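J.: One file is attached below, start-v2.txt, containing compact mmCIF, C-alpha atoms.
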# COMPACT_ATOMS: atom_id res chain seq x y z
CA MET A 1 39.33 164.78 45.24
CA ALA A 2 41.96 162.04 44.93
CA THR A 3 43.87 161.56 48.16
CA LEU A 4 47.29 160.08 48.77
CA THR A 5 47.46 160.93 52.47
CA ASN A 6 50.36 159.16 54.19
CA LYS A 7 51.27 157.23 51.03
CA ARG A 8 54.92 156.78 50.10
CA ILE A 9 55.55 157.13 46.38
CA LEU A 10 58.85 156.37 44.76
CA LEU A 11 58.95 158.27 41.47
CA GLY A 12 61.31 156.88 38.86
CA VAL A 13 62.33 159.26 36.08
CA THR A 14 63.76 157.91 32.81
CA GLY A 15 65.23 159.70 29.80
CA GLY A 16 62.68 161.53 27.68
CA ILE A 17 61.51 165.07 26.99
CA ALA A 18 58.43 164.43 29.14
CA ALA A 19 60.74 164.52 32.17
CA TYR A 20 60.18 168.28 32.17
CA LYS A 21 56.73 167.52 33.66
CA THR A 22 58.10 165.61 36.66
CA PRO A 23 58.67 168.61 38.98
CA ASP A 24 54.98 169.49 38.58
CA LEU A 25 54.04 165.84 39.12
CA VAL A 26 56.04 165.75 42.36
CA ARG A 27 54.33 168.94 43.52
CA ARG A 28 50.84 167.55 42.80
CA LEU A 29 51.57 164.21 44.47
CA ARG A 30 52.70 166.04 47.60
CA GLU A 31 49.63 168.30 47.52
CA ALA A 32 47.50 165.14 47.49
CA GLY A 33 49.23 164.08 50.73
CA ALA A 34 52.01 161.77 49.51
CA GLU A 35 55.63 161.65 50.56
CA VAL A 36 57.74 161.44 47.40
CA ARG A 37 61.29 160.23 46.80
CA CYS A 38 62.81 160.43 43.32
CA VAL A 39 65.16 158.08 41.47
CA MET A 40 66.68 159.17 38.16
CA THR A 41 68.41 157.25 35.41
CA ARG A 42 71.53 158.66 33.83
CA ALA A 43 69.57 159.69 30.72
CA ALA A 44 66.91 161.45 32.80
CA ARG A 45 69.55 163.85 34.12
CA GLU A 46 69.96 165.18 30.57
CA PHE A 47 66.40 166.57 30.73
CA VAL A 48 65.89 167.64 34.36
CA THR A 49 68.41 168.09 37.15
CA PRO A 50 68.50 166.19 40.46
CA LEU A 51 68.67 169.57 42.20
CA THR A 52 65.25 170.52 40.78
CA LEU A 53 63.61 167.31 42.00
CA HIS A 54 65.38 167.64 45.34
CA ALA A 55 63.86 171.10 45.74
CA VAL A 56 60.29 170.10 44.89
CA SER A 57 60.32 166.77 46.79
CA ASP A 58 62.25 168.10 49.81
CA HIS A 59 64.37 164.94 49.78
CA PRO A 60 67.71 163.98 48.20
CA VAL A 61 67.46 162.38 44.76
CA TYR A 62 68.81 158.87 44.20
CA THR A 63 70.84 158.31 41.04
CA ASP A 64 73.51 155.61 41.33
CA LEU A 65 73.43 151.93 42.21
CA PHE A 66 77.02 152.05 43.46
CA GLY A 67 77.27 155.71 44.37
CA ALA A 68 77.31 157.42 47.76
CA SER A 69 74.48 156.12 49.90
CA ALA A 70 71.54 158.36 50.73
CA THR A 71 69.59 155.62 52.49
CA ARG A 72 70.65 156.83 55.91
CA GLU A 73 67.58 159.05 55.95
CA LEU A 74 65.33 156.05 55.21
CA PRO A 75 64.07 153.71 57.95
CA THR A 76 66.54 150.81 57.69
CA THR A 77 66.10 147.32 59.00
CA SER A 78 69.53 145.76 58.87
CA THR A 79 72.80 147.62 58.37
CA ASP A 80 73.60 151.29 58.00
CA ASN A 81 74.99 150.64 54.53
CA ALA A 82 71.81 148.92 53.32
CA MET A 83 71.74 148.56 49.55
CA GLU A 84 69.73 151.42 48.12
CA HIS A 85 67.50 149.36 45.84
CA ILE A 86 66.43 147.21 48.80
CA ALA A 87 65.93 150.10 51.23
CA LEU A 88 63.96 152.12 48.68
CA ALA A 89 61.85 149.14 47.63
CA ARG A 90 60.90 148.47 51.25
CA TRP A 91 60.12 152.14 51.84
CA ALA A 92 57.76 152.62 48.90
CA ASP A 93 54.02 151.93 48.92
CA VAL A 94 54.03 152.24 45.13
CA VAL A 95 56.71 152.69 42.45
CA LEU A 96 55.65 155.06 39.66
CA ILE A 97 57.86 155.42 36.57
CA ALA A 98 57.05 158.70 34.84
CA PRO A 99 58.10 159.14 32.15
CA ALA A 100 58.68 155.51 31.22
CA SER A 101 60.70 155.37 28.01
CA ALA A 102 60.44 152.58 25.44
CA ASP A 103 63.92 151.47 26.47
CA PHE A 104 62.99 151.23 30.15
CA LEU A 105 59.83 149.25 29.38
CA ALA A 106 61.96 146.75 27.45
CA ARG A 107 64.41 146.50 30.34
CA LEU A 108 61.54 145.82 32.77
CA VAL A 109 60.31 142.97 30.57
CA HIS A 110 63.74 141.34 30.60
CA GLY A 111 64.28 141.84 34.33
CA ARG A 112 67.40 143.95 33.86
CA ALA A 113 69.09 145.20 37.03
CA ASP A 114 71.89 147.28 35.59
CA ASP A 115 71.05 150.56 37.34
CA LEU A 116 69.39 151.71 40.54
CA LEU A 117 65.89 152.23 39.12
CA ALA A 118 65.74 148.88 37.31
CA SER A 119 67.09 147.08 40.37
CA LEU A 120 64.56 148.52 42.80
CA CYS A 121 61.71 147.67 40.39
CA LEU A 122 62.79 144.03 40.73
CA ALA A 123 63.04 144.35 44.52
CA ALA A 124 59.70 146.11 45.07
CA ALA A 125 56.88 144.00 46.51
CA GLY A 126 54.20 146.68 46.14
CA PRO A 127 52.40 148.00 43.07
CA LEU A 128 54.46 149.09 40.05
CA ALA A 129 53.00 151.63 37.61
CA VAL A 130 54.46 153.09 34.43
CA ALA A 131 53.47 156.19 32.49
CA PRO A 132 54.77 155.61 28.93
CA ALA A 133 56.16 158.57 26.99
CA MET A 134 57.62 158.26 23.48
CA ASN A 135 57.20 159.11 19.82
CA ARG A 136 54.00 157.77 18.23
CA GLN A 137 55.93 155.43 15.92
CA MET A 138 57.90 153.99 18.84
CA TRP A 139 54.63 153.49 20.71
CA ALA A 140 53.02 151.71 17.75
CA GLN A 141 55.93 149.33 17.18
CA PRO A 142 55.00 145.64 17.71
CA ALA A 143 57.99 145.24 20.03
CA THR A 144 56.69 147.99 22.34
CA GLN A 145 53.14 146.66 22.29
CA SER A 146 54.41 143.16 23.00
CA ASN A 147 56.40 144.48 25.97
CA LEU A 148 53.29 146.21 27.31
CA THR A 149 51.29 142.99 27.05
CA VAL A 150 53.92 141.14 29.09
CA LEU A 151 54.00 143.87 31.73
CA ARG A 152 50.20 143.88 32.08
CA GLU A 153 50.21 140.12 32.51
CA ARG A 154 52.72 140.56 35.33
CA GLY A 155 50.48 143.05 37.11
CA VAL A 156 52.24 146.27 36.12
CA ARG A 157 49.75 149.14 35.82
CA ILE A 158 50.01 151.02 32.53
CA LEU A 159 48.93 154.64 32.96
CA GLY A 160 48.31 156.17 29.55
CA PRO A 161 49.67 157.33 27.27
CA GLY A 162 47.66 160.26 25.95
CA ASP A 163 47.16 161.57 22.44
CA GLY A 164 48.25 164.92 21.04
CA SER A 165 51.14 166.92 19.70
CA GLN A 166 54.62 165.65 20.46
CA ALA A 167 58.03 167.26 20.86
CA CYS A 168 59.11 165.82 17.50
CA GLY A 169 56.37 167.83 15.76
CA GLU A 170 54.15 164.81 15.07
CA THR A 171 50.70 164.12 16.50
CA GLY A 172 49.41 160.83 17.92
CA SER A 173 49.61 158.44 20.85
CA GLY A 174 52.63 158.43 23.11
CA ARG A 175 52.35 161.60 25.21
CA MET A 176 52.85 161.13 28.91
CA LEU A 177 49.64 161.87 30.80
CA GLU A 178 49.46 165.23 32.52
CA PRO A 179 50.56 165.47 36.16
CA HIS A 180 47.01 165.97 37.48
CA GLU A 181 45.85 162.86 35.59
CA LEU A 182 48.72 160.75 36.94
CA THR A 183 48.04 161.95 40.48
CA ALA A 184 44.41 160.83 40.27
CA LEU A 185 45.36 157.48 38.74
CA CYS A 186 48.04 156.96 41.37
CA ALA A 187 45.45 157.46 44.11
CA GLY A 188 43.29 154.90 42.32
CA LEU A 189 46.04 152.28 42.65
CA PHE A 190 45.14 152.00 46.32
CA GLU A 191 41.41 151.62 45.65
CA THR A 192 41.40 147.90 44.96
CA GLY A 193 37.71 147.15 45.53
CA GLU A 194 38.68 143.75 46.97
CA LEU A 195 36.45 144.23 50.02
CA ASP A 196 33.59 146.09 48.32
CA GLY A 197 30.35 145.73 50.27
CA LEU A 198 31.91 144.03 53.30
CA ASN A 199 31.82 145.23 56.91
CA VAL A 200 35.12 144.99 58.77
CA LEU A 201 35.71 145.40 62.51
CA ILE A 202 39.29 145.91 63.71
CA THR A 203 40.78 146.30 67.18
CA ALA A 204 44.07 148.16 67.63
CA GLY A 205 46.49 149.53 70.17
CA PRO A 206 47.09 148.57 73.80
CA THR A 207 44.67 148.41 76.69
CA TRP A 208 45.11 150.14 80.07
CA GLU A 209 44.23 148.23 83.22
CA ALA A 210 43.95 150.55 86.21
CA ILE A 211 45.71 149.84 89.52
CA ASP A 212 44.54 153.04 91.18
CA PRO A 213 43.29 156.43 89.88
CA VAL A 214 46.86 157.31 88.80
CA ARG A 215 48.63 154.12 87.77
CA GLY A 216 47.88 151.31 85.41
CA ILE A 217 49.31 148.38 83.47
CA THR A 218 49.69 148.57 79.70
CA ASN A 219 52.10 147.43 76.96
CA ARG A 220 54.27 148.80 74.16
CA SER A 221 51.75 148.57 71.32
CA SER A 222 51.59 151.84 69.37
CA GLY A 223 48.48 150.91 67.37
CA LYS A 224 50.26 151.63 64.06
CA MET A 225 49.62 148.21 62.52
CA GLY A 226 45.92 148.19 63.40
CA TYR A 227 45.41 151.72 62.14
CA ALA A 228 47.26 150.87 58.91
CA LEU A 229 44.98 147.85 58.44
CA ALA A 230 41.88 150.00 58.98
CA ALA A 231 43.07 152.44 56.30
CA ALA A 232 43.96 149.60 53.90
CA ALA A 233 40.58 147.92 54.36
CA ALA A 234 38.82 151.22 53.68
CA GLU A 235 40.92 151.67 50.54
CA ALA A 236 39.80 148.20 49.47
CA GLY A 237 36.16 149.27 49.66
CA ALA A 238 35.10 147.97 53.08
CA ARG A 239 32.98 149.77 55.65
CA VAL A 240 35.42 149.81 58.55
CA THR A 241 34.93 150.27 62.28
CA LEU A 242 38.10 150.60 64.35
CA ILE A 243 37.99 150.04 68.11
CA SER A 244 41.16 151.52 69.53
CA GLY A 245 42.82 151.40 72.91
CA PRO A 246 44.79 154.44 74.12
CA THR A 247 47.09 155.70 71.33
CA ALA A 248 48.47 159.02 70.11
CA LEU A 249 47.38 158.29 66.52
CA SER A 250 44.84 160.30 64.52
CA ASP A 251 41.63 158.62 63.38
CA PRO A 252 42.13 157.02 59.93
CA ASP A 253 40.31 158.66 57.04
CA ARG A 254 37.00 157.02 55.99
CA VAL A 255 37.03 154.84 59.12
CA ARG A 256 34.57 154.97 62.03
CA THR A 257 36.79 155.02 65.11
CA LEU A 258 35.70 154.21 68.67
CA ARG A 259 38.05 154.86 71.60
CA VAL A 260 38.17 152.58 74.63
CA THR A 261 40.54 152.06 77.57
CA SER A 262 40.48 148.64 79.21
CA ALA A 263 40.19 145.07 77.96
CA GLN A 264 36.65 144.93 79.33
CA ASP A 265 35.79 148.18 77.50
CA MET A 266 37.14 146.72 74.26
CA HIS A 267 35.31 143.42 74.76
CA ASP A 268 32.01 145.21 75.36
CA ALA A 269 32.50 147.56 72.38
CA VAL A 270 33.33 144.63 70.06
CA HIS A 271 30.17 142.77 71.03
CA ARG A 272 28.05 145.90 70.58
CA GLU A 273 29.44 146.31 67.04
CA ILE A 274 29.79 142.69 65.87
CA SER A 275 26.32 142.30 64.36
CA GLY A 276 26.51 142.35 60.57
CA ILE A 277 30.33 142.18 60.49
CA HIS A 278 31.88 140.02 57.75
CA ILE A 279 35.54 140.21 58.85
CA PHE A 280 36.92 140.65 62.37
CA ILE A 281 40.64 141.47 62.72
CA GLY A 282 41.99 141.43 66.27
CA VAL A 283 45.20 143.43 66.12
CA ALA A 284 44.99 145.00 69.59
CA ALA A 285 47.48 143.94 72.24
CA VAL A 286 44.83 143.19 74.86
CA ALA A 287 45.90 142.64 78.47
CA ASP A 288 45.53 139.00 79.53
CA TYR A 289 45.26 139.95 83.20
CA ARG A 290 44.02 142.94 85.24
CA PRO A 291 44.20 143.86 88.93
CA SER A 292 41.43 142.11 90.85
CA ARG A 293 40.77 145.31 92.83
CA ILE A 294 41.31 148.94 91.82
CA ALA A 295 42.35 151.09 94.75
CA ALA A 296 40.01 154.00 95.38
CA HIS A 297 42.93 156.36 96.00
CA LYS A 298 46.55 156.60 94.90
CA ILE A 299 48.60 153.85 96.51
CA LYS A 300 51.32 155.43 98.64
CA LYS A 301 54.88 154.23 98.71
CA THR A 302 55.40 152.42 102.02
CA GLY A 303 57.15 149.04 102.26
CA GLU A 304 59.84 147.52 100.05
CA HIS A 305 57.33 145.34 98.20
CA LEU A 306 53.81 145.72 96.88
CA ASN A 307 51.73 142.67 96.08
CA LEU A 308 48.88 142.85 93.57
CA GLU A 309 46.40 140.13 92.75
CA PHE A 310 45.37 139.68 89.13
CA GLU A 311 42.47 138.03 87.34
CA ARG A 312 41.90 137.03 83.72
CA THR A 313 40.41 139.52 81.30
CA PRO A 314 37.74 138.43 78.79
CA ASP A 315 39.15 136.76 75.68
CA ILE A 316 37.82 138.90 72.85
CA LEU A 317 38.91 136.71 69.94
CA ALA A 318 37.62 133.50 71.48
CA SER A 319 34.30 135.09 72.43
CA VAL A 320 33.68 136.35 68.89
CA ALA A 321 34.75 133.03 67.33
CA ALA A 322 32.27 131.26 69.64
CA LEU A 323 29.26 133.19 68.29
CA PRO A 324 26.65 131.11 66.43
CA HIS A 325 27.59 132.70 63.11
CA PRO A 326 31.06 134.24 63.54
CA PRO A 327 32.63 136.48 60.91
CA PHE A 328 35.86 135.58 59.14
CA MET A 329 38.30 135.63 62.08
CA VAL A 330 41.82 137.07 61.86
CA GLY A 331 44.09 137.19 64.89
CA PHE A 332 47.57 138.57 65.52
CA ALA A 333 50.27 136.72 67.45
CA ALA A 334 53.10 138.93 68.71
CA GLU A 335 55.74 136.52 69.98
CA THR A 336 59.22 136.71 71.51
CA GLU A 337 59.97 133.00 70.90
CA ASN A 338 58.71 129.98 68.96
CA LEU A 339 56.87 132.26 66.57
CA GLU A 340 55.21 129.76 64.25
CA ALA A 341 54.41 127.15 66.90
CA ASN A 342 52.77 129.68 69.22
CA ALA A 343 50.86 131.28 66.35
CA ARG A 344 49.51 127.94 65.13
CA ALA A 345 48.43 127.06 68.64
CA LYS A 346 46.50 130.33 68.77
CA LEU A 347 44.90 129.58 65.39
CA LEU A 348 43.60 126.24 66.61
CA ASP A 349 42.77 127.08 70.23
CA LYS A 350 40.70 130.15 69.36
CA LYS A 351 39.18 128.63 66.20
CA LEU A 352 40.47 131.39 63.92
CA ASP A 353 40.57 131.43 60.12
CA LEU A 354 43.92 133.23 59.85
CA VAL A 355 46.70 134.34 62.18
CA ALA A 356 49.30 137.01 61.36
CA ALA A 357 52.40 136.27 63.43
CA ASN A 358 55.11 138.84 64.04
CA PRO A 359 58.30 138.78 66.14
CA VAL A 360 58.54 141.46 68.85
CA GLY A 361 61.06 142.42 71.48
CA ASP A 362 64.79 141.80 71.50
CA ALA A 363 64.77 138.01 71.71
CA GLY A 364 66.96 136.30 69.14
CA ALA A 365 66.23 132.63 69.65
CA GLY A 366 63.72 130.77 67.55
CA PHE A 367 63.24 133.09 64.60
CA GLY A 368 66.06 132.18 62.24
CA ASP A 369 65.92 134.64 59.34
CA TRP A 370 63.09 136.50 61.08
CA THR A 371 65.36 138.01 63.71
CA GLU A 372 66.63 141.56 63.26
CA PRO A 373 66.31 142.90 66.80
CA ARG A 374 67.11 146.60 66.36
CA ALA A 375 67.14 149.12 63.57
CA VAL A 376 70.57 150.66 63.18
CA GLY A 377 70.92 153.93 65.02
CA GLN A 378 67.57 153.53 66.76
CA GLY A 379 66.82 152.56 70.32
CA ARG A 380 63.76 150.55 69.38
CA PRO A 381 63.03 147.21 67.71
CA ALA A 382 63.25 147.05 63.93
CA TYR A 383 59.91 145.26 63.76
CA GLY A 384 56.70 145.10 65.75
CA PHE A 385 55.85 147.33 68.69
CA GLU A 386 56.85 151.02 68.44
CA SER A 387 58.35 150.54 64.97
CA ASP A 388 57.24 151.84 61.57
CA THR A 389 58.19 148.52 59.94
CA ASN A 390 57.04 144.97 60.50
CA ARG A 391 57.39 141.37 59.34
CA LEU A 392 54.49 138.95 59.21
CA ILE A 393 53.97 135.28 58.52
CA LEU A 394 50.38 134.21 57.84
CA LEU A 395 49.10 130.87 59.09
CA ASP A 396 45.83 129.16 58.20
CA ARG A 397 44.63 125.55 58.21
CA THR A 398 46.43 124.80 54.93
CA GLY A 399 49.89 126.22 55.59
CA THR A 400 51.96 129.37 55.94
CA THR A 401 52.46 132.47 53.79
CA PRO A 402 55.40 134.75 54.67
CA LEU A 403 54.99 138.42 53.75
CA PRO A 404 58.05 140.51 52.89
CA ALA A 405 59.38 142.97 55.45
CA GLY A 406 58.18 146.50 54.89
CA THR A 407 56.43 149.51 56.30
CA LYS A 408 53.27 148.83 58.24
CA PRO A 409 51.01 150.52 55.63
CA ALA A 410 52.58 148.44 52.84
CA LEU A 411 52.23 145.23 54.86
CA ALA A 412 48.64 146.16 55.73
CA ARG A 413 47.72 146.29 52.04
CA LEU A 414 49.35 142.91 51.43
CA LEU A 415 47.48 141.43 54.40
CA VAL A 416 44.15 142.89 53.24
CA HIS A 417 44.75 141.29 49.85
CA GLU A 418 45.42 137.89 51.47
CA ILE A 419 42.31 138.22 53.64
CA ALA A 420 40.20 139.20 50.62
CA LEU A 421 41.37 136.13 48.68
CA ARG A 422 40.36 133.82 51.52
CA VAL A 423 37.04 135.53 52.22
CA ARG A 424 35.99 135.47 48.57
CA ALA A 425 37.06 131.82 48.27
CA ALA A 426 34.97 130.95 51.33
CA GLN A 427 31.97 132.81 49.91
CA SER A 428 32.33 131.04 46.57
CA SER A 429 32.61 127.67 48.31
CA ARG A 430 29.41 128.28 50.26
CA ARG A 431 27.55 129.27 47.08
CA THR A 432 28.68 126.20 45.13
CA GLY A 433 28.30 123.89 48.11
I need this file expressed as structure tokens, please.

T.:
Amino acid sequence: MATLTNKRILLGVTGGIAAYKTPDLVRRLREAGAEVRCVMTRAAREFVTPLTLHAVSDHPVYTDLFGASATRELPTTSTDNAMEHIALARWADVVLIAPASADFLARLVHGRADDLLASLCLAAAGPLAVAPAMNRQMWAQPATQSNLTVLRERGVRILGPGDGSQACGETGSGRMLEPHELTALCAGLFETGELDGLNVLITAGPTWEAIDPVRGITNRSSGKMGYALAAAAAEAGARVTLISGPTALSDPDRVRTLRVTSAQDMHDAVHREISGIHIFIGVAAVADYRPSRIAAHKIKKTGEHLNLEFERTPDILASVAALPHPPFMVGFAAETENLEANARAKLLDKKLDLVAANPVGDAGAGFGDWTEPRAVGQGRPAYGFESDTNRLILLDRTGTTPLPAGTKPALARLLVHEIALRVRAAQSSRRTG
């Protein structure tokens, strides 16, 4: 059965009689596991009420570009009066317009931004899908077909339409697909096939380095980015193994998950699993140092100071990159300063193919536009550790590729796409070389 577990779907509703199907569509999307937020055009409210969609989605409905803000319930990354089309675009994993009227399709082609729904379509970085719904003659018009051709060329997914009887009494093409059909197709938007047949190994989360049987040293990594990458790689068709340090997260669907504790445990697990791996992604925040000796019993509080001696832990990324035939190597660089310089040094020193750099902590110096230390109203960083959102800049031997800020699942899909492009290019180069 199609699954949309943990996916965030922004459902845009435009003016057309097929809008009567949207409450059922919302219900089916939620049954498939999605979280759904609805945006309505002014014309859509003539066919179905915001109150109805509020009831079935369990969230307020967004209607006005300049109206009262409802984005306070969304995870924001800048100010508490964030513009709705930006906040919603960042929140969504996919934007689905159903029904999509002939008028709205034309407005998409021309890049109009004269209402909330049109504006957020321009601001969205993720997939955009439309489910056309109109009279058969309107559907057959050359202008409509030309608009659809332009949208397809721009990467917009066209879902439908279906054939059959229409509200006008005529029969033909132009019916919006049924809610169960759209739910299945929406799930298929995440099945890209970009990593079909490839084996991917990912590390995630923190490590725990014991001091005594009670205490240990760890870090603030939640594991969310690594787990999101594991899910995105599985969606893209890969066979994924996730090696996770201690987290409170559930095992991702369709992913083989192995749990470890220390840096040494993670190193050993990686080298047991590395045979046959095509892509290795080191997302885990692995401890660089560990106590040289672990006390056999709980250390009691005695003097004013306690001195511990530390030793280096094994470097997992470097050890995998040093193998005779290493996989495609992707590292993460979580930095509090000099983001790009430190990330590029890591790329070169560890002989990686790609580094994903992200700012963490509260430091403000050195990031320029990258710095947004805290989400409004939250006592945690807006990006990176412990947050649901992130910002990444990708570095390889040829240059840099910034990714737009967004939720970690949305960023994970963008990163998987960038990795797939590079891996396929490398495979093609080897074949032709």

J.: Taking only C-alpha atoms into account, which of A:Lys346, A:His54, A:Arg154, A:Arg391 comes nearest Cys38 in chain A?

T.: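 When distances to Cys38 in chain A are compared using only C-alpha atoms, the smallest one comes from A:His54.
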
J.: Sorted by chain and rising residue number, list the residues of range 249-277 of chain A at most 12 Å from range 281-295 of chain A (counting all atoms listed in the file), each with its closest atom pair and distance in Å to one decimal, as a Markdown table.

T.:
| residue | atom | partner | partner_atom | distance |
| --- | --- | --- | --- | --- |
| A:Val260 | CA | A:Ala284 | CA | 11.4 |
| A:Thr261 | CA | A:Val286 | CA | 10.2 |
| A:Ser262 | CA | A:Ala287 | CA | 8.1 |
| A:Ala263 | CA | A:Val286 | CA | 5.9 |
| A:Gln264 | CA | A:Val286 | CA | 9.5 |
| A:Asp265 | CA | A:Val286 | CA | 10.7 |
| A:Met266 | CA | A:Val286 | CA | 8.5 |
| A:His267 | CA | A:Val286 | CA | 9.5 |
| A:Val270 | CA | A:Gly282 | CA | 10.0 |
| A:Ile274 | CA | A:Ile281 | CA | 11.4 |
| A:Ile277 | CA | A:Ile281 | CA | 10.6 |

J.: Taking a cut-off of 10 Å and counting all atoms listed in the file, can you build a table that, for each residue of range 18-58 of chain A near range 181-186 of chain A, reports the nearest atom pair and how far apart they are in Å (one decimal), sorted by chain then residue number, as JSON lines?

T.:
{"residue": "A:Leu25", "atom": "CA", "partner": "A:Thr183", "partner_atom": "CA", "distance": 7.3}
{"residue": "A:Val26", "atom": "CA", "partner": "A:Thr183", "partner_atom": "CA", "distance": 9.1}
{"residue": "A:Arg27", "atom": "CA", "partner": "A:Thr183", "partner_atom": "CA", "distance": 9.9}
{"residue": "A:Arg28", "atom": "CA", "partner": "A:Thr183", "partner_atom": "CA", "distance": 6.7}
{"residue": "A:Leu29", "atom": "CA", "partner": "A:Thr183", "partner_atom": "CA", "distance": 5.8}
{"residue": "A:Arg30", "atom": "CA", "partner": "A:Thr183", "partner_atom": "CA", "distance": 9.4}
{"residue": "A:Glu31", "atom": "CA", "partner": "A:Thr183", "partner_atom": "CA", "distance": 9.6}
{"residue": "A:Ala32", "atom": "CA", "partner": "A:Thr183", "partner_atom": "CA", "distance": 7.7}
{"residue": "A:Ala34", "atom": "CA", "partner": "A:Thr183", "partner_atom": "CA", "distance": 9.9}

J.: With distances taken over all atoms listed in the file, which of A:Lys350, A:His85, A:Arg175, A:Lys224 is nearest to Met134 in chain A?

T.: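 Comparing A:Lys350, A:His85, A:Arg175, A:Lys224 against Met134 in chain A, the winner is A:Arg175.
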
J.: Counting only C-alpha atoms, figure out which residue out of A:Ser101, A:Asn135, A:Ser119, A:Thr49 gets nearest to Gly169 in chain A.

T.: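 Once distances to Gly169 in chain A are computed over only C-alpha atoms, the minimum belongs to A:Asn135.
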
J.: Pick the closest to Ile17 in chain A from A:Ala55, A:Ala129, A:Ala44, A:Leu201: which is it, counting only C-alpha atoms?

T.: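 Going through A:Ala55, A:Ala129, A:Ala44, A:Leu201 one by one, the smallest distance to Ile17 in chain A is for A:Ala44.
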
J.: Extract, using all atoms listed in the file, all DNA, RNA and protein residues at most 8 Å from Leu403 in chain A, discarding same-chain residues fewer than 5 positions from it, and format them as a PyMOL selection string.

T.: chain A and resi 391-394+411+414

J.: Work out how far CA of Val130 in chain A is from CA of Ala236 in chain A, in Å to one decimal.

T.: 21.6 Å

J.: Need the shell around His110 in chain A: protein/DNA/RNA residues with any atom at most 10 Å away, counting all atoms listed in the file. Skip same-chain ones fewer than 4 positions apart. Format as a list in words?

T.: Phe104, Leu105, Ala106, Asn147 and Val150 of chain A

J.: Enter the distance from CA of Glu170 in chain A to CA of Thr14 in chain A, in Å, rounded to one decimal.

T.: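 We find that CA of Glu170 in chain A and CA of Thr14 in chain A lie 21.3 Å from each other.
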